[in-house]
>>> print(open('run.cif').read())   # mmCIF, C-alpha atoms
data_work
loop_
_atom_site.label_atom_id
_atom_site.label_comp_id
_atom_site.auth_asym_id
_atom_site.auth_seq_id
_atom_site.Cartn_x
_atom_site.Cartn_y
_atom_site.Cartn_z
CA MET A 1 -6.41 -7.98 13.01
CA ARG A 2 -8.56 -11.00 12.17
CA GLY A 3 -5.41 -12.98 11.49
CA VAL A 4 -4.06 -12.01 14.92
CA GLU A 5 -7.28 -13.23 16.53
CA ASP A 6 -7.06 -16.47 14.53
CA GLY A 7 -3.49 -17.01 15.70
CA LEU A 8 -4.43 -16.59 19.35
CA ILE A 9 -7.08 -19.32 19.23
CA GLY A 10 -6.02 -22.13 21.55
CA HIS A 11 -3.77 -19.89 23.62
CA GLU A 12 -4.60 -18.16 26.89
CA TYR A 13 -4.27 -14.65 25.45
CA ASP A 14 -6.86 -12.20 24.17
CA ALA A 15 -6.26 -9.43 21.64
CA ILE A 16 -6.60 -5.77 22.65
CA PHE A 17 -6.59 -3.38 19.68
CA ALA A 18 -5.63 0.29 19.58
CA SER A 19 -5.57 2.36 16.41
CA THR A 20 -3.04 5.16 15.85
CA HIS A 21 -3.75 6.02 12.18
CA TRP A 22 0.02 6.06 11.54
CA GLU A 23 0.51 9.13 13.73
CA ARG A 24 3.81 8.80 15.58
CA ASP A 25 2.66 10.80 18.60
CA ASP A 26 -0.39 8.56 18.95
CA GLU A 27 1.78 5.48 18.54
CA ALA A 28 4.03 6.58 21.39
CA LYS A 29 1.00 7.23 23.63
CA ARG A 30 -0.63 3.89 22.82
CA LEU A 31 2.65 2.06 23.34
CA ALA A 32 3.10 3.63 26.78
CA SER A 33 -0.55 2.91 27.60
CA MET A 34 -0.25 -0.76 26.67
CA GLU A 35 2.89 -1.13 28.73
CA GLY A 36 1.15 0.59 31.63
CA ARG A 37 -1.62 -2.01 31.43
CA ARG A 38 1.07 -4.70 31.74
CA VAL A 39 0.12 -6.53 28.55
CA ASP A 40 1.96 -9.81 27.94
CA GLY A 41 3.11 -8.90 24.43
CA LEU A 42 2.77 -6.34 21.66
CA ILE A 43 2.17 -6.55 17.91
CA LEU A 44 2.78 -3.27 16.06
CA ILE A 45 1.53 -2.93 12.49
CA HIS A 46 3.97 -0.84 10.50
CA PRO A 47 4.80 1.67 13.23
CA GLY A 48 6.52 4.94 12.44
CA ILE A 49 8.44 4.90 15.71
CA ASP A 50 12.21 4.75 15.21
CA ASP A 51 14.19 1.53 15.68
CA GLU A 52 15.99 2.75 18.80
CA THR A 53 12.73 3.45 20.64
CA LEU A 54 11.24 0.12 19.61
CA ASP A 55 14.40 -1.66 20.73
CA ARG A 56 14.15 -0.02 24.16
CA HIS A 57 10.51 -0.99 24.65
CA ALA A 58 11.09 -4.52 23.36
CA GLN A 59 13.50 -5.12 26.21
CA THR A 60 10.54 -4.64 28.57
CA VAL A 61 7.73 -6.45 26.73
CA PRO A 62 7.87 -9.08 23.94
CA MET A 63 7.33 -7.28 20.64
CA VAL A 64 6.56 -8.23 17.03
CA VAL A 65 6.61 -5.58 14.31
CA VAL A 66 4.66 -6.25 11.13
CA GLY A 67 5.33 -4.48 7.83
CA ARG A 68 8.93 -3.37 8.22
CA GLN A 69 12.31 -4.60 9.36
CA VAL A 70 13.55 -3.28 12.71
CA ASN A 71 17.25 -3.23 13.51
CA SER A 72 17.00 -4.82 16.94
CA ARG A 73 17.76 -8.26 18.33
CA PHE A 74 14.83 -7.87 20.74
CA VAL A 75 12.17 -7.14 18.07
CA HIS A 76 10.83 -9.89 15.83
CA SER A 77 10.09 -8.36 12.40
CA LEU A 78 7.74 -9.64 9.71
CA ALA A 79 7.57 -7.89 6.34
CA PHE A 80 6.78 -8.56 2.69
CA ASP A 81 8.95 -7.60 -0.27
CA HIS A 82 6.99 -4.52 -1.31
CA GLY A 83 9.41 -3.83 -4.13
CA LEU A 84 8.68 -7.20 -5.70
CA GLY A 85 4.94 -6.55 -5.50
CA ALA A 86 5.32 -3.13 -7.13
CA GLN A 87 7.48 -4.68 -9.83
CA GLN A 88 4.63 -7.06 -10.67
CA ALA A 89 2.20 -4.16 -10.96
CA MET A 90 4.49 -2.20 -13.24
CA GLN A 91 5.33 -5.23 -15.37
CA HIS A 92 1.61 -5.80 -15.91
CA LEU A 93 1.13 -2.24 -17.18
CA LEU A 94 4.23 -2.41 -19.37
CA GLU A 95 3.08 -5.69 -20.92
CA LEU A 96 -0.23 -4.01 -21.75
CA GLY A 97 1.70 -1.45 -23.78
CA HIS A 98 1.66 1.46 -21.35
CA ARG A 99 4.70 3.73 -21.42
CA ARG A 100 3.42 6.92 -19.84
CA ILE A 101 2.66 5.60 -16.36
CA ALA A 102 1.87 8.01 -13.53
CA TYR A 103 2.46 7.19 -9.88
CA ILE A 104 0.58 8.16 -6.71
CA GLY A 105 2.81 7.60 -3.70
CA GLY A 106 2.39 6.84 -0.02
CA PRO A 107 3.43 8.72 3.13
CA THR A 108 7.01 9.92 3.11
CA GLY A 109 9.39 8.09 5.41
CA ARG A 110 7.49 4.79 5.38
CA SER A 111 9.62 1.90 4.21
CA ASP A 112 6.80 0.16 2.32
CA ALA A 113 5.94 3.34 0.40
CA ASP A 114 9.62 3.98 -0.33
CA GLN A 115 10.09 0.44 -1.66
CA ARG A 116 7.08 0.72 -3.95
CA PHE A 117 8.28 4.02 -5.40
CA LEU A 118 11.80 2.74 -5.97
CA ALA A 119 10.38 -0.30 -7.77
CA TYR A 120 8.27 2.02 -9.95
CA ARG A 121 11.38 3.93 -11.01
CA ALA A 122 13.41 0.75 -11.50
CA ALA A 123 10.72 -0.78 -13.73
CA LEU A 124 10.70 2.29 -15.94
CA GLN A 125 14.47 2.23 -16.19
CA SER A 126 14.51 -1.49 -17.07
CA ALA A 127 11.99 -0.81 -19.84
CA GLY A 128 14.13 2.02 -21.23
CA ILE A 129 11.62 4.69 -20.20
CA THR A 130 12.89 8.00 -18.85
CA PHE A 131 11.57 8.80 -15.40
CA ASP A 132 9.42 11.94 -15.42
CA PRO A 133 8.96 13.43 -11.91
CA ARG A 134 5.98 15.39 -13.21
CA LEU A 135 4.07 12.10 -13.45
CA VAL A 136 4.51 11.51 -9.72
CA ALA A 137 2.11 12.91 -7.13
CA PRO A 138 2.30 12.55 -3.34
CA GLY A 139 -0.36 10.53 -1.53
CA ASN A 140 -1.03 9.46 2.03
CA TYR A 141 -2.66 6.02 1.76
CA VAL A 142 -6.21 7.39 2.13
CA GLU A 143 -8.95 8.05 -0.41
CA ALA A 144 -8.82 11.84 -0.08
CA GLY A 145 -5.08 11.78 -0.77
CA GLY A 146 -5.62 9.74 -3.93
CA LEU A 147 -8.30 12.17 -5.07
CA SER A 148 -6.01 15.16 -4.54
CA ALA A 149 -3.04 13.42 -6.18
CA MET A 150 -4.95 12.48 -9.32
CA THR A 151 -6.44 15.96 -9.53
CA LEU A 152 -2.91 17.35 -9.42
CA LEU A 153 -1.76 14.98 -12.17
CA LEU A 154 -4.69 15.92 -14.39
CA ASP A 155 -4.21 19.63 -13.81
CA ARG A 156 -0.63 19.33 -15.05
CA GLY A 157 -2.04 18.33 -18.44
CA LEU A 158 0.66 15.75 -19.16
CA PRO A 159 -0.15 12.62 -21.18
CA PHE A 160 -0.40 9.32 -19.32
CA SER A 161 -2.40 6.20 -20.02
CA ALA A 162 -2.05 4.41 -16.68
CA VAL A 163 -1.45 5.12 -13.02
CA PHE A 164 0.09 2.91 -10.36
CA CYS A 165 -1.25 3.82 -6.91
CA ALA A 166 0.77 2.92 -3.82
CA ASN A 167 -2.30 1.40 -2.17
CA ASP A 168 -5.94 0.59 -2.91
CA ASP A 169 -7.44 3.46 -0.92
CA SER A 170 -5.40 5.91 -3.00
CA ALA A 171 -6.67 4.15 -6.13
CA TYR A 172 -10.29 4.65 -5.05
CA GLY A 173 -9.71 8.38 -4.70
CA ALA A 174 -7.86 8.49 -8.01
CA MET A 175 -10.74 6.78 -9.81
CA LEU A 176 -13.19 9.30 -8.33
CA ALA A 177 -11.05 12.17 -9.66
CA LEU A 178 -11.02 10.53 -13.10
CA HIS A 179 -14.80 10.08 -12.97
CA ARG A 180 -15.31 13.75 -12.14
CA ARG A 181 -13.27 14.67 -15.25
CA GLN A 182 -15.44 12.36 -17.39
CA LEU A 183 -12.54 9.94 -17.85
CA ARG A 184 -13.28 6.23 -17.91
CA VAL A 185 -11.32 3.45 -16.20
CA PRO A 186 -9.79 1.60 -17.98
CA ASP A 187 -10.83 3.00 -21.41
CA ASP A 188 -9.02 6.30 -20.85
CA VAL A 189 -6.73 5.47 -17.92
CA SER A 190 -5.78 2.08 -16.48
CA VAL A 191 -5.46 1.95 -12.69
CA VAL A 192 -3.51 -0.47 -10.47
CA GLY A 193 -3.55 -0.49 -6.67
CA PHE A 194 -1.66 -2.30 -3.92
CA ASP A 195 -2.95 -4.38 -0.97
CA ASP A 196 -6.03 -5.94 -2.61
CA VAL A 197 -8.29 -5.14 0.31
CA ALA A 198 -11.59 -7.02 0.35
CA HIS A 199 -13.79 -4.43 -1.37
CA SER A 200 -11.35 -3.89 -4.27
CA ALA A 201 -13.08 -6.80 -5.99
CA TYR A 202 -16.44 -4.98 -5.72
CA CYS A 203 -15.67 -1.38 -6.66
CA VAL A 204 -16.57 -0.15 -10.17
CA PRO A 205 -14.65 -1.24 -12.10
CA PRO A 206 -13.11 -3.98 -9.96
CA LEU A 207 -9.55 -2.96 -9.16
CA THR A 208 -6.39 -4.68 -10.38
CA SER A 209 -4.18 -4.85 -7.30
CA VAL A 210 -1.21 -6.53 -5.64
CA LYS A 211 -2.56 -8.95 -3.05
CA GLN A 212 -0.92 -9.12 0.37
CA PRO A 213 -1.95 -12.20 2.39
CA LEU A 214 -2.54 -10.03 5.43
CA ARG A 215 -4.65 -12.49 7.39
CA GLU A 216 -1.88 -15.07 7.09
CA LEU A 217 0.61 -12.45 8.22
CA GLY A 218 -1.57 -11.66 11.25
CA ARG A 219 -1.65 -15.32 12.25
CA GLU A 220 2.11 -15.54 11.93
CA ALA A 221 2.52 -12.39 14.07
CA ALA A 222 0.28 -13.87 16.78
CA ASN A 223 2.24 -17.15 16.79
CA ALA A 224 5.49 -15.20 17.01
CA VAL A 225 4.44 -13.04 19.94
CA VAL A 226 3.14 -16.09 21.85
CA ALA A 227 6.50 -17.78 21.30
CA LEU A 228 8.32 -14.72 22.62
CA ILE A 229 6.06 -14.57 25.67
CA ASP A 230 6.80 -18.24 26.34
CA GLY A 231 10.52 -17.63 26.04
CA ARG A 232 10.83 -19.50 22.74
CA LYS A 233 12.40 -18.36 19.47
CA PRO A 234 9.64 -17.60 16.93
CA PRO A 235 9.59 -19.91 13.90
CA ARG A 236 11.09 -18.49 10.71
CA GLY A 237 9.24 -19.93 7.74
CA PRO A 238 9.20 -18.49 4.21
CA MET A 239 7.06 -15.38 3.84
CA ALA A 240 4.05 -15.70 1.56
CA ARG A 241 4.63 -14.13 -1.86
CA LEU A 242 2.72 -11.13 -3.07
CA GLU A 243 0.48 -11.79 -6.04
CA LEU A 244 -0.96 -9.50 -8.72
CA VAL A 245 -4.72 -9.93 -9.09
CA VAL A 246 -5.83 -8.70 -12.53
CA ARG A 247 -9.34 -7.28 -12.79
CA GLU A 248 -11.22 -4.84 -15.01
CA SER A 249 -9.43 -1.58 -14.09
CA THR A 250 -6.60 -2.24 -16.58
CA ARG A 251 -6.56 -2.93 -20.31
CA ALA A 252 -4.11 -3.16 -23.20
CA LEU A 253 -3.24 0.19 -24.73
CA PRO A 254 -4.31 0.67 -28.36
CA MET A 255 -1.46 1.16 -30.81
CA GLN A 256 -1.48 4.96 -30.69
CA PRO A 257 0.22 7.69 -28.63
CA ALA A 258 -1.28 8.36 -25.21
CA LYS A 259 -3.34 11.53 -25.03
CA ALA A 260 -3.31 13.88 -22.10
CA PRO A 261 -6.26 12.82 -19.92
CA LEU A 262 -7.12 16.45 -19.19
CA ALA A 263 -7.26 17.30 -22.88
CA ALA A 264 -9.40 14.22 -23.52
CA ALA A 265 -11.78 15.29 -20.77
CA ARG A 266 -12.12 18.77 -22.27
CA LYS A 267 -12.78 17.29 -25.71
CA LYS A 268 -15.54 15.06 -24.32
CA THR A 269 -17.13 17.97 -22.51
CA ALA A 270 -17.06 20.09 -25.68
CA SER A 271 -18.61 17.27 -27.69
CA ARG A 272 -21.48 16.94 -25.22
CA ARG A 273 -22.15 20.67 -25.34
CA SER A 274 -22.18 20.74 -29.17
CA SER A 275 -24.61 17.85 -29.26
#
>>> encode(input="run.cif", output="structure tokens")
Amino acid sequence: MRGVEDGLIGHEYDAIFASTHWERDDEAKRLASMEGRRVDGLILIHPGIDDETLDRHAQTVPMVVVGRQVNSRFVHSLAFDHGLGAQQAMQHLLELGHRRIAYIGGPTGRSDADQRFLAYRAALQSAGITFDPRLVAPGNYVEAGGLSAMTLLLDRGLPFSAVFCANDDSAYGAMLALHRRQLRVPDDVSVVGFDDVAHSAYCVPPLTSVKQPLRELGREAANAVVALIDGRKPPRGPMARLELVVRESTRALPMQPAKAPLAAARKKTASRRSS
């Protein structure tokens, strides 16, 4: 949103923001509301509304969609290669020696979440590692979802030494679940997120994450919607690349088989009681 505001500087337009929390019903209501207020243009950040509906609205008001590709000649789409970013995260864990890597996903039906999961599976396959669906837990891009997903993974009692979370908020929840089981990050489990939101550098431990240049993307979206409003074709420059930012939430795996985190937690608890 800050990037959108930056991009509108010097133009005669002001930004009006409405949050829908990725709820499709709310998105439809906000979209109708904005059109009813006769706004000059619309920027939608990863909407869940189907392409056909977006195409219909875009014929009425200039529209830019950020975060996914829309099959419409009226909608200008801007999106990163989420699969490439997820591949970087997985390659980092594999290079550290991790082979039992769990995954906490994003909301079903979202293209960015789907791309990240497919890249997770592809990275395992490329490394000669058999995909284990029991090491996958559903998430919803919020902290509570990450907490529940990690709790589910731990309750299964399967060995894993690292977890790739589909976004940073899920990683925060996952780290809280690990903390409550007396498991240390990264000593017992390495954690990688996606997005590299601002406070990921300041959580404990600081989170390794795939950085999306979101402010730059917001500026580009603002420039594109202004061009559409003015009847011009938006510029098509190369999209900024995603970049893995390595911090203290990951470490190289010692040369020994991964232990089940749940079993390790029980062992630590028993040791404290005996002492």
>>> residues_around(input="run.cif", residues="A:Asn71", least_positions_apart="2", cutoff="12 Å", atoms="all atoms listed in the file", output="PyMOL selection string")
chain A and resi 50-56+58+65+68-69+73-77
>>> closest_residue(input="run.cif", among="A:Leu31, A:Ala89, A:Ala177, A:Val64", to="A:Arg116", atoms="all atoms listed in the file")
A:Ala89
>>> residues_around(input="run.cif", residues="A:Pro213", least_positions_apart="2", cutoff="12 Å", atoms="only C-alpha atoms", output="PyMOL selection string")
chain A and resi 2-3+67+79-80+85+194-198+210-211+215-220+239-244
>>> write_last_selection(input="run.cif", atoms="C-alpha atoms", output="compact mmCIF listing (two decimals), keeping the file's coordinate frame")
# COMPACT_ATOMS: atom_id res chain seq x y z
CA ARG A 2 -8.56 -11.00 12.17
CA GLY A 3 -5.41 -12.98 11.49
CA GLY A 67 5.33 -4.48 7.83
CA ALA A 79 7.57 -7.89 6.34
CA PHE A 80 6.78 -8.56 2.69
CA GLY A 85 4.94 -6.55 -5.50
CA PHE A 194 -1.66 -2.30 -3.92
CA ASP A 195 -2.95 -4.38 -0.97
CA ASP A 196 -6.03 -5.94 -2.61
CA VAL A 197 -8.29 -5.14 0.31
CA ALA A 198 -11.59 -7.02 0.35
CA VAL A 210 -1.21 -6.53 -5.64
CA LYS A 211 -2.56 -8.95 -3.05
CA ARG A 215 -4.65 -12.49 7.39
CA GLU A 216 -1.88 -15.07 7.09
CA LEU A 217 0.61 -12.45 8.22
CA GLY A 218 -1.57 -11.66 11.25
CA ARG A 219 -1.65 -15.32 12.25
CA GLU A 220 2.11 -15.54 11.93
CA MET A 239 7.06 -15.38 3.84
CA ALA A 240 4.05 -15.70 1.56
CA ARG A 241 4.63 -14.13 -1.86
CA LEU A 242 2.72 -11.13 -3.07
CA GLU A 243 0.48 -11.79 -6.04
CA LEU A 244 -0.96 -9.50 -8.72
>>> closest_residue(input="run.cif", among="A:Ala252, A:Val163, A:Ala127, A:Leu135", to="A:Asp187", atoms="all atoms listed in the file")
A:Ala252
>>> closest_residue(input="run.cif", among="A:His82, A:His179, A:Arg236, A:Arg184", to="A:Glu248", atoms="all atoms listed in the file")
A:Arg184
>>> atom_distance(input="run.cif", atom1="atom CA of A:Ser19", atom2="atom CA of A:Leu44")
10.1 Å
>>> resolve_selection(input="run.cif", expression="the PyMOL selection byres ((chain A and resi 34) around 12)", output="mmCIF file with C-alpha atoms, in the coordinates of the input")
data_model
loop_
_atom_site.group_PDB
_atom_site.id
_atom_site.type_symbol
_atom_site.label_atom_id
_atom_site.label_comp_id
_atom_site.auth_asym_id
_atom_site.auth_seq_id
_atom_site.Cartn_x
_atom_site.Cartn_y
_atom_site.Cartn_z
ATOM 1 C CA ALA A 15 -6.260 -9.430 21.640
ATOM 2 C CA ILE A 16 -6.600 -5.770 22.650
ATOM 3 C CA PHE A 17 -6.590 -3.380 19.680
ATOM 4 C CA ALA A 18 -5.630 0.290 19.580
ATOM 5 C CA SER A 19 -5.570 2.360 16.410
ATOM 6 C CA GLU A 27 1.780 5.480 18.540
ATOM 7 C CA ALA A 28 4.030 6.580 21.390
ATOM 8 C CA LYS A 29 1.000 7.230 23.630
ATOM 9 C CA ARG A 30 -0.630 3.890 22.820
ATOM 10 C CA LEU A 31 2.650 2.060 23.340
ATOM 11 C CA ALA A 32 3.100 3.630 26.780
ATOM 12 C CA SER A 33 -0.550 2.910 27.600
ATOM 13 C CA GLU A 35 2.890 -1.130 28.730
ATOM 14 C CA GLY A 36 1.150 0.590 31.630
ATOM 15 C CA ARG A 37 -1.620 -2.010 31.430
ATOM 16 C CA ARG A 38 1.070 -4.700 31.740
ATOM 17 C CA VAL A 39 0.120 -6.530 28.550
ATOM 18 C CA ASP A 40 1.960 -9.810 27.940
ATOM 19 C CA GLY A 41 3.110 -8.900 24.430
ATOM 20 C CA LEU A 42 2.770 -6.340 21.660
ATOM 21 C CA ILE A 43 2.170 -6.550 17.910
ATOM 22 C CA LEU A 44 2.780 -3.270 16.060
ATOM 23 C CA HIS A 57 10.510 -0.990 24.650
ATOM 24 C CA THR A 60 10.540 -4.640 28.570
ATOM 25 C CA VAL A 61 7.730 -6.450 26.730
ATOM 26 C CA PRO A 62 7.870 -9.080 23.940
ATOM 27 C CA MET A 63 7.330 -7.280 20.640
#
>>> closest_residue(input="run.cif", among="A:Leu253, A:Met1, A:Arg24, A:Met90", to="A:Ala122", atoms="only C-alpha atoms")
A:Met90
